[in-house]
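Engineer: I'm passing along structure21.txt; it holds compact mmCIF, C-alpha atoms.
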```
# COMPACT_ATOMS: atom_id res chain seq x y z
CA LEU D 1091 293.04 -165.63 -14.47
CA ASP D 1092 294.34 -163.50 -11.62
CA SER D 1093 297.02 -160.98 -12.34
CA ARG D 1094 299.85 -159.87 -10.12
CA SER D 1095 302.73 -157.41 -10.39
CA VAL D 1096 306.41 -157.99 -9.85
CA GLU D 1097 309.16 -155.42 -9.86
CA SER D 1098 312.07 -155.76 -12.25
CA LYS D 1099 315.63 -154.94 -11.29
CA GLN D 1100 315.29 -151.51 -12.82
CA GLY D 1101 312.26 -150.81 -10.63
CA HIS D 1102 309.62 -151.11 -13.35
CA THR D 1103 306.43 -152.98 -12.56
CA VAL D 1104 305.65 -155.95 -14.77
CA ASP D 1105 302.08 -157.31 -14.91
CA CYS D 1106 301.81 -161.06 -15.38
CA SER D 1107 298.83 -163.35 -15.60
CA MET D 1108 298.92 -166.24 -13.18
CA ARG D 1109 299.63 -168.62 -16.09
CA GLN D 1110 302.57 -166.51 -17.26
CA TYR D 1111 303.73 -166.23 -13.67
CA LEU D 1112 303.90 -169.99 -13.30
CA GLU D 1113 305.49 -170.53 -16.71
CA VAL D 1114 308.16 -167.85 -16.47
CA LEU D 1115 309.26 -168.48 -12.90
CA PRO D 1116 310.74 -171.70 -11.52
CA GLY D 1117 307.97 -171.81 -8.89
CA ALA D 1118 305.38 -169.37 -7.57
CA PRO D 1119 306.07 -170.23 -3.90
CA PHE D 1120 309.76 -169.35 -4.33
CA GLN D 1121 308.83 -166.06 -5.99
CA ASP D 1122 306.57 -165.17 -3.07
CA ILE D 1123 309.30 -165.97 -0.55
CA TRP D 1124 311.81 -163.90 -2.52
CA LEU D 1125 309.45 -160.94 -2.73
CA ARG D 1126 308.80 -161.04 1.02
CA LEU D 1127 312.52 -161.17 1.76
CA HIS D 1128 313.24 -158.35 -0.66
CA ARG D 1129 310.56 -156.14 0.91
CA ARG D 1130 311.55 -156.98 4.48
CA LEU D 1131 315.04 -155.72 3.68
CA ASP D 1132 313.60 -152.67 1.88
CA GLY D 1133 315.30 -153.75 -1.34
CA ASP D 1134 318.72 -152.88 0.12
CA GLU D 1135 320.98 -154.66 -2.38
CA TRP D 1136 324.10 -154.42 -0.22
CA THR D 1137 322.34 -156.07 2.74
CA ILE D 1138 320.71 -158.74 0.57
CA PHE D 1139 324.07 -159.53 -1.02
CA TRP D 1140 325.93 -160.04 2.25
CA ILE D 1141 323.17 -162.04 3.91
CA LEU D 1142 322.86 -164.43 0.96
CA MET D 1143 326.50 -164.64 -0.05
CA PHE D 1144 328.25 -164.50 3.32
CA VAL D 1145 326.08 -164.79 6.44
CA TRP D 1146 323.97 -167.82 5.54
CA PRO D 1147 326.77 -169.76 3.74
CA SER D 1148 329.02 -169.25 6.79
CA ILE D 1149 326.31 -170.54 9.13
CA GLN D 1150 325.72 -173.50 6.82
CA PHE D 1151 329.40 -174.39 6.73
CA TYR D 1152 329.88 -174.38 10.50
CA LEU D 1153 326.58 -176.16 11.13
CA HIS D 1154 327.25 -178.95 8.62
CA SER D 1155 330.88 -179.49 9.61
CA GLY D 1156 329.92 -179.17 13.29
CA ILE D 1157 327.42 -182.04 13.00
CA LEU D 1158 330.10 -184.21 11.41
CA LEU D 1159 332.58 -183.23 14.11
CA TRP D 1160 330.03 -184.24 16.77
CA ILE D 1161 329.78 -187.66 15.08
CA ASP D 1162 333.58 -187.94 15.11
CA VAL D 1163 333.80 -187.09 18.83
CA TYR D 1164 330.57 -188.39 20.36
CA GLY D 1165 328.79 -190.29 17.60
CA PRO D 1166 327.53 -193.84 18.14
CA LYS D 1167 329.22 -196.80 16.46
CA SER D 1168 326.17 -197.19 14.24
CA LEU D 1169 327.14 -193.92 12.48
CA LYS D 1170 330.87 -194.58 12.47
CA ARG D 1171 330.20 -197.73 10.45
CA TYR D 1172 329.86 -195.38 7.47
CA LYS D 1173 333.47 -194.21 7.70
CA ILE D 1174 335.46 -194.56 4.49
CA GLN D 1175 338.73 -195.08 6.39
CA PRO D 1176 337.69 -197.05 9.49
CA GLY D 1177 339.71 -196.37 12.63
CA GLN D 1178 341.11 -193.05 11.38
CA ASN D 1179 340.46 -190.03 13.62
CA ASP D 1180 338.97 -192.36 16.20
CA PRO D 1181 339.45 -190.88 18.70
CA ILE D 1182 339.95 -187.57 16.98
CA ASP D 1183 342.76 -185.29 18.17
CA LEU D 1184 340.99 -182.17 19.40
CA ARG D 1185 344.24 -180.17 19.36
CA ARG D 1186 344.45 -180.75 15.62
CA VAL D 1187 340.79 -179.79 15.31
CA ALA D 1188 341.45 -176.51 17.17
CA LYS D 1189 344.28 -175.72 14.75
CA VAL D 1190 341.93 -176.35 11.83
CA PHE D 1191 339.17 -174.25 13.39
CA TRP D 1192 341.29 -171.12 13.75
CA ARG D 1193 342.71 -171.27 10.22
CA VAL D 1194 339.27 -171.99 8.75
CA THR D 1195 337.76 -169.10 10.71
CA PHE D 1196 340.44 -166.76 9.40
CA ASN D 1197 339.65 -167.91 5.86
CA VAL D 1198 335.91 -167.41 6.36
CA MET D 1199 336.03 -164.04 8.10
CA PHE D 1200 338.80 -162.35 6.14
CA LEU D 1201 339.39 -164.11 2.82
CA ASN D 1202 335.74 -164.89 2.05
CA THR D 1203 334.88 -161.28 2.85
CA ALA D 1204 337.64 -159.95 0.60
CA MET D 1205 336.74 -162.22 -2.32
CA LEU D 1206 333.04 -161.38 -2.03
CA ALA D 1207 333.86 -157.66 -1.97
CA LEU D 1208 335.86 -158.21 -5.18
CA PHE D 1209 332.92 -160.16 -6.64
CA TRP D 1210 330.57 -157.25 -5.81
CA HIS D 1211 332.95 -154.75 -7.39
CA LEU D 1212 333.47 -156.72 -10.59
CA ALA D 1213 329.76 -157.47 -10.96
CA SER D 1214 328.97 -153.77 -10.46
CA LEU D 1215 331.28 -152.79 -13.33
CA ARG D 1216 329.18 -154.50 -15.97
CA ARG D 1217 326.12 -152.90 -17.53
CA GLY D 1218 323.14 -153.21 -15.20
CA GLY D 1219 325.33 -154.23 -12.28
CA LEU D 1220 324.56 -157.19 -10.04
CA ASP D 1221 321.07 -158.61 -10.56
CA ILE D 1222 319.27 -158.45 -7.21
CA GLY D 1223 315.87 -157.67 -8.71
CA THR D 1224 312.56 -158.98 -7.39
CA LEU D 1225 311.80 -161.11 -10.46
CA LEU D 1226 313.35 -164.58 -10.20
CA PRO D 1227 314.87 -166.14 -13.34
CA SER D 1228 312.96 -168.60 -15.49
CA PHE D 1229 313.42 -172.36 -15.26
CA TRP D 1230 315.49 -172.38 -18.46
CA VAL D 1231 317.77 -169.62 -17.19
CA VAL D 1232 318.29 -171.62 -14.00
CA MET D 1233 319.25 -174.70 -16.04
CA ARG D 1234 321.53 -172.71 -18.35
CA ASP D 1235 323.33 -170.98 -15.48
CA PHE D 1236 323.81 -174.13 -13.44
CA ILE D 1237 325.31 -175.96 -16.41
CA GLY D 1238 327.67 -173.01 -16.78
CA PHE D 1239 328.50 -173.10 -13.06
CA LEU D 1240 329.37 -176.80 -13.23
CA VAL D 1241 331.60 -176.44 -16.29
CA ILE D 1242 333.41 -173.38 -14.92
CA GLU D 1243 333.95 -174.95 -11.51
CA GLU D 1244 335.25 -178.22 -12.97
CA LEU D 1245 337.72 -176.35 -15.20
CA GLY D 1246 338.77 -173.89 -12.50
CA PHE D 1247 339.11 -176.35 -9.66
CA TYR D 1248 340.79 -179.15 -11.61
CA TYR D 1249 343.54 -177.02 -13.13
CA SER D 1250 344.13 -174.85 -10.07
CA HIS D 1251 344.25 -178.01 -7.94
CA ARG D 1252 346.75 -179.64 -10.31
CA LEU D 1253 348.79 -176.44 -10.05
CA MET D 1254 348.75 -176.72 -6.25
CA HIS D 1255 350.42 -180.13 -6.61
CA HIS D 1256 353.43 -178.64 -8.41
CA ARG D 1257 356.38 -179.40 -6.13
CA LEU D 1258 357.05 -175.74 -5.29
CA LEU D 1259 353.44 -174.83 -4.56
CA TYR D 1260 352.74 -178.10 -2.78
CA LYS D 1261 355.59 -177.63 -0.32
CA HIS D 1262 354.73 -174.04 0.56
CA VAL D 1263 350.97 -173.89 -0.01
CA HIS D 1264 348.95 -177.07 -0.59
CA LYS D 1265 350.72 -179.28 1.97
CA ILE D 1266 348.67 -177.60 4.71
CA HIS D 1267 345.44 -178.99 3.31
CA HIS D 1268 346.97 -182.46 2.95
CA GLU D 1269 347.89 -182.70 6.62
CA TRP D 1270 344.67 -184.69 6.84
CA THR D 1271 345.03 -187.95 4.92
CA ALA D 1272 341.68 -188.95 6.42
CA PRO D 1273 339.88 -185.60 6.22
CA ILE D 1274 337.11 -184.16 8.36
CA GLY D 1275 334.31 -181.84 7.23
CA LEU D 1276 335.76 -178.80 9.00
CA ALA D 1277 339.03 -179.24 7.07
CA ALA D 1278 337.24 -178.66 3.74
CA ILE D 1279 338.62 -175.11 3.68
CA TYR D 1280 341.64 -175.71 5.88
CA ALA D 1281 344.05 -174.20 3.41
CA HIS D 1282 346.77 -171.62 2.79
CA PRO D 1283 345.31 -168.19 1.87
CA VAL D 1284 346.60 -168.48 -1.72
CA GLU D 1285 344.95 -171.85 -2.18
CA HIS D 1286 341.72 -170.77 -0.52
CA CYS D 1287 341.31 -167.79 -2.85
CA LEU D 1288 342.61 -169.38 -6.05
CA SER D 1289 341.32 -172.93 -5.77
CA ASN D 1290 338.42 -172.93 -3.28
CA LEU D 1291 336.66 -169.62 -3.89
CA ALA D 1292 337.48 -168.47 -7.42
CA PRO D 1293 336.09 -171.53 -9.29
CA VAL D 1294 332.80 -171.24 -7.38
CA LEU D 1295 332.40 -167.46 -7.68
CA LEU D 1296 333.46 -167.23 -11.33
CA GLY D 1297 330.36 -169.05 -12.54
CA PRO D 1298 327.76 -166.56 -11.26
CA LEU D 1299 330.06 -163.68 -12.23
CA LEU D 1300 330.61 -164.79 -15.83
CA MET D 1301 327.02 -165.95 -16.32
CA HIS D 1302 325.63 -162.62 -15.04
CA SER D 1303 323.38 -164.64 -12.75
CA HIS D 1304 320.61 -163.45 -10.47
CA ILE D 1305 321.72 -163.28 -6.83
CA SER D 1306 319.28 -166.07 -5.90
CA LEU D 1307 321.11 -168.48 -8.23
CA ALA D 1308 324.50 -167.41 -6.90
CA PHE D 1309 323.20 -168.05 -3.37
CA LEU D 1310 321.83 -171.49 -4.22
CA TRP D 1311 325.03 -172.42 -6.05
CA ILE D 1312 327.25 -171.41 -3.13
CA CYS D 1313 325.07 -173.38 -0.70
CA LEU D 1314 325.36 -176.47 -2.91
CA ALA D 1315 329.12 -175.99 -3.25
CA ILE D 1316 329.53 -175.77 0.52
CA ALA D 1317 327.40 -178.85 1.11
CA ASN D 1318 329.45 -180.73 -1.47
CA THR D 1319 332.90 -179.77 -0.19
CA VAL D 1320 332.01 -180.54 3.44
CA ASN D 1321 330.54 -183.88 2.36
CA THR D 1322 333.56 -184.83 0.22
CA HIS D 1323 335.89 -184.09 3.16
CA SER D 1324 333.73 -185.82 5.75
CA ASN D 1325 335.31 -189.30 5.48
CA TYR D 1326 331.75 -190.64 5.79
CA HIS D 1327 329.81 -192.28 2.97
CA PHE D 1328 326.23 -191.99 4.19
CA PRO D 1329 323.22 -193.48 2.35
CA GLY D 1330 321.45 -191.02 0.08
CA PHE D 1331 324.43 -188.66 -0.06
CA PRO D 1332 326.66 -188.05 -3.10
CA SER D 1333 329.73 -190.25 -2.90
CA PRO D 1334 332.84 -188.68 -1.31
CA GLU D 1335 335.01 -191.66 -2.24
CA ALA D 1336 336.99 -189.96 -5.03
CA HIS D 1337 338.16 -186.94 -3.05
CA ASP D 1338 338.76 -189.06 0.03
CA PHE D 1339 341.03 -191.22 -2.14
CA HIS D 1340 342.83 -188.06 -3.25
CA HIS D 1341 343.63 -187.25 0.39
CA LEU D 1342 344.81 -190.80 0.94
CA LYS D 1343 347.05 -191.09 -2.15
CA PHE D 1344 347.63 -187.41 -3.16
CA ASN D 1345 348.14 -187.91 -6.92
CA ASN D 1346 344.71 -188.99 -8.18
CA CYS D 1347 341.24 -187.46 -8.45
CA TYR D 1348 341.88 -183.71 -8.67
CA GLY D 1349 338.50 -182.61 -10.02
CA VAL D 1350 334.94 -182.21 -8.77
CA LEU D 1351 332.88 -184.07 -11.37
CA GLY D 1352 335.59 -186.50 -12.46
CA VAL D 1353 335.29 -185.55 -16.14
CA LEU D 1354 338.72 -183.93 -16.42
CA ASP D 1355 340.29 -186.68 -14.31
CA TRP D 1356 338.98 -189.19 -16.84
CA LEU D 1357 340.13 -187.03 -19.75
CA HIS D 1358 343.66 -186.58 -18.37
CA GLY D 1359 343.96 -190.07 -16.92
CA THR D 1360 344.43 -188.78 -13.38
CA ASP D 1361 341.99 -191.29 -11.96
CA GLU D 1362 343.64 -194.48 -13.25
CA ALA D 1363 344.90 -195.67 -9.86
CA PHE D 1364 341.50 -194.88 -8.32
CA ARG D 1365 339.74 -196.96 -10.96
CA GLN D 1366 341.76 -200.01 -9.92
CA THR D 1367 340.53 -199.94 -6.31
CA VAL D 1368 337.42 -200.94 -4.44
CA ASN D 1369 336.97 -197.26 -3.64
CA TYR D 1370 335.99 -196.73 -7.27
CA ARG D 1371 333.32 -199.44 -7.08
CA ARG D 1372 332.01 -197.78 -3.92
CA ASN D 1373 331.89 -194.40 -5.67
CA ILE D 1374 328.10 -194.38 -6.01
CA THR D 1375 325.12 -192.97 -4.18
CA PHE D 1376 323.47 -195.86 -2.36
CA PHE D 1377 320.25 -196.11 -0.33
CA SER D 1378 320.78 -199.12 1.90
CA LEU D 1379 321.14 -198.68 5.68
CA GLN D 1380 323.95 -201.21 5.47
CA PRO D 1381 327.23 -199.32 4.90
CA ILE D 1382 328.64 -199.65 1.41
CA SER D 1383 331.92 -200.84 2.92
CA GLU D 1384 329.97 -203.88 4.16
CA LEU D 1385 328.15 -204.34 0.88
CA LEU D 1386 331.53 -204.34 -0.90
CA LEU D 1387 333.74 -206.13 1.58
CA GLU D 1388 337.16 -205.74 -0.04
CA LYS D 1389 339.64 -203.75 2.00
CA ILE D 1390 340.70 -200.26 0.93
CA GLU D 1391 343.83 -200.53 -1.19
```
Take the structure I supplied and represent it as structure tokens, if you would.

Structural biologist:
Amino acid sequence: LDSRSVESKQGHTVDCSMRQYLEVLPGAPFQDIWLRLHRRLDGDEWTIFWILMFVWPSIQFYLHSGILLWIDVYGPKSLKRYKIQPGQNDPIDLRRVAKVFWRVTFNVMFLNTAMLALFWHLASLRRGGLDIGTLLPSFWVVMRDFIGFLVIEELGFYYSHRLMHHRLLYKHVHKIHHEWTAPIGLAAIYAHPVEHCLSNLAPVLLGPLLMHSHISLAFLWICLAIANTVNTHSNYHFPGFPSPEAHDFHHLKFNNCYGVLGVLDWLHGTDEAFRQTVNYRRNITFFSLQPISELLLEKIE
């Protein structure tokens, strides 16, 4: 078998047989891509960190929410059939959208930067610092870390979100986000600075920080989190996509469905009203080109 060398985080060279290479790493092609990226950037950890944790996620957010905004403004009726709340934001008020855009851009440029700088600092304090080495984690480490990410995010987001609905915090902080009872993708992070840091960013960043994860896993996790939050605020239930029905119902009714996975909502009974509606029956991933609102014809309650 062929042998190849990969560099560990500490700079040591590790020789692996091709068989070991395929067993230890989640996929040889991904390892090759990662090595090329690492070498192209001369192993500059600071640059790698900001590209993966800030630059690309920001592009992804604006691109994804921008496509959804285009559908809201110019999209054909064939796409608008997938709306969860038909007739809402149709036509969309572009003055409201502009207001959202500027607050969201402030959150991205200033608050995301500040929280990522804090993440870098805290990760650097631990022994070995932030793992930006050239050797990708094994498949089992990926599985372990992602389970940890999911648990930490569900706990962090559910309880911080419930806190935001306390009457004092809701009035002065969370009410901004709930200006949109029929949300749009761009409004996913339309939030007061306190809420954005405490409820949007912290539950996502805590996972990779506490799990001491490789930067590649932190990057993948953040990309998935962005895709999920834009989708759940889109007000569109497209075929093949995870269902946004639960969080859309939260924006409609305010006092149900606080979590991400729904586990803590079930445990605390904060999804009881949702479970009595047709929205709950539509809360599935479906693969028919016929909108689920037409497959389940009952009106939204």

Engineer: Nearest to Phe1331 in chain D: which of D:Ala1213, D:Val1353, D:Leu1127, D:Ile1382 is it, counting all atoms listed in the file?

Structural biologist: D:Ile1382

Engineer: Contacts between range 1261-1281 of chain D and range 1115-1172 of chain D, please, where a residue of range 1115-1172 of chain D counts if it comes within 10 Å (with all atoms listed in the file); show its shortest atom pair and distance in Å to one decimal, rows by chain and ascending number, as a Markdown table.

Structural biologist:
```
| residue | atom | partner | partner_atom | distance |
| --- | --- | --- | --- | --- |
| D:Phe1151 | CA | D:Leu1276 | CA | 8.1 |
| D:Tyr1152 | CA | D:Leu1276 | CA | 7.5 |
| D:Leu1153 | CA | D:Leu1276 | CA | 9.8 |
| D:His1154 | CA | D:Gly1275 | CA | 7.8 |
| D:Ser1155 | CA | D:Gly1275 | CA | 4.8 |
| D:Gly1156 | CA | D:Leu1276 | CA | 7.3 |
| D:Ile1157 | CA | D:Gly1275 | CA | 9.0 |
| D:Leu1158 | CA | D:Gly1275 | CA | 6.4 |
| D:Leu1159 | CA | D:Gly1275 | CA | 7.2 |
| D:Asp1162 | CA | D:Ile1274 | CA | 8.5 |
```

Engineer: Under the rule that all atoms listed in the file are counted, which of D:Gly1133, D:Gly1246, D:Gly1219, D:Pro1329 is the nearest residue to His1302 in chain D?

Structural biologist: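 Comparing D:Gly1133, D:Gly1246, D:Gly1219, D:Pro1329 against His1302 in chain D, the winner is D:Gly1219.
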
Engineer: Could you check the closest approach to Glu1135 in chain D for each of D:Asn1318, D:Gln1150, D:Ser1168, D:Thr1224 and tell me which residue wins, using all atoms listed in the file?

Structural biologist: D:Thr1224

Engineer: Would you mind telling me which residue in D:His1286, D:Arg1371, D:Arg1252, D:His1327 lies nearest to Asn1346 in chain D when using only C-alpha atoms?

Structural biologist: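 Of all the options, D:Arg1252 lies closest to Asn1346 in chain D.
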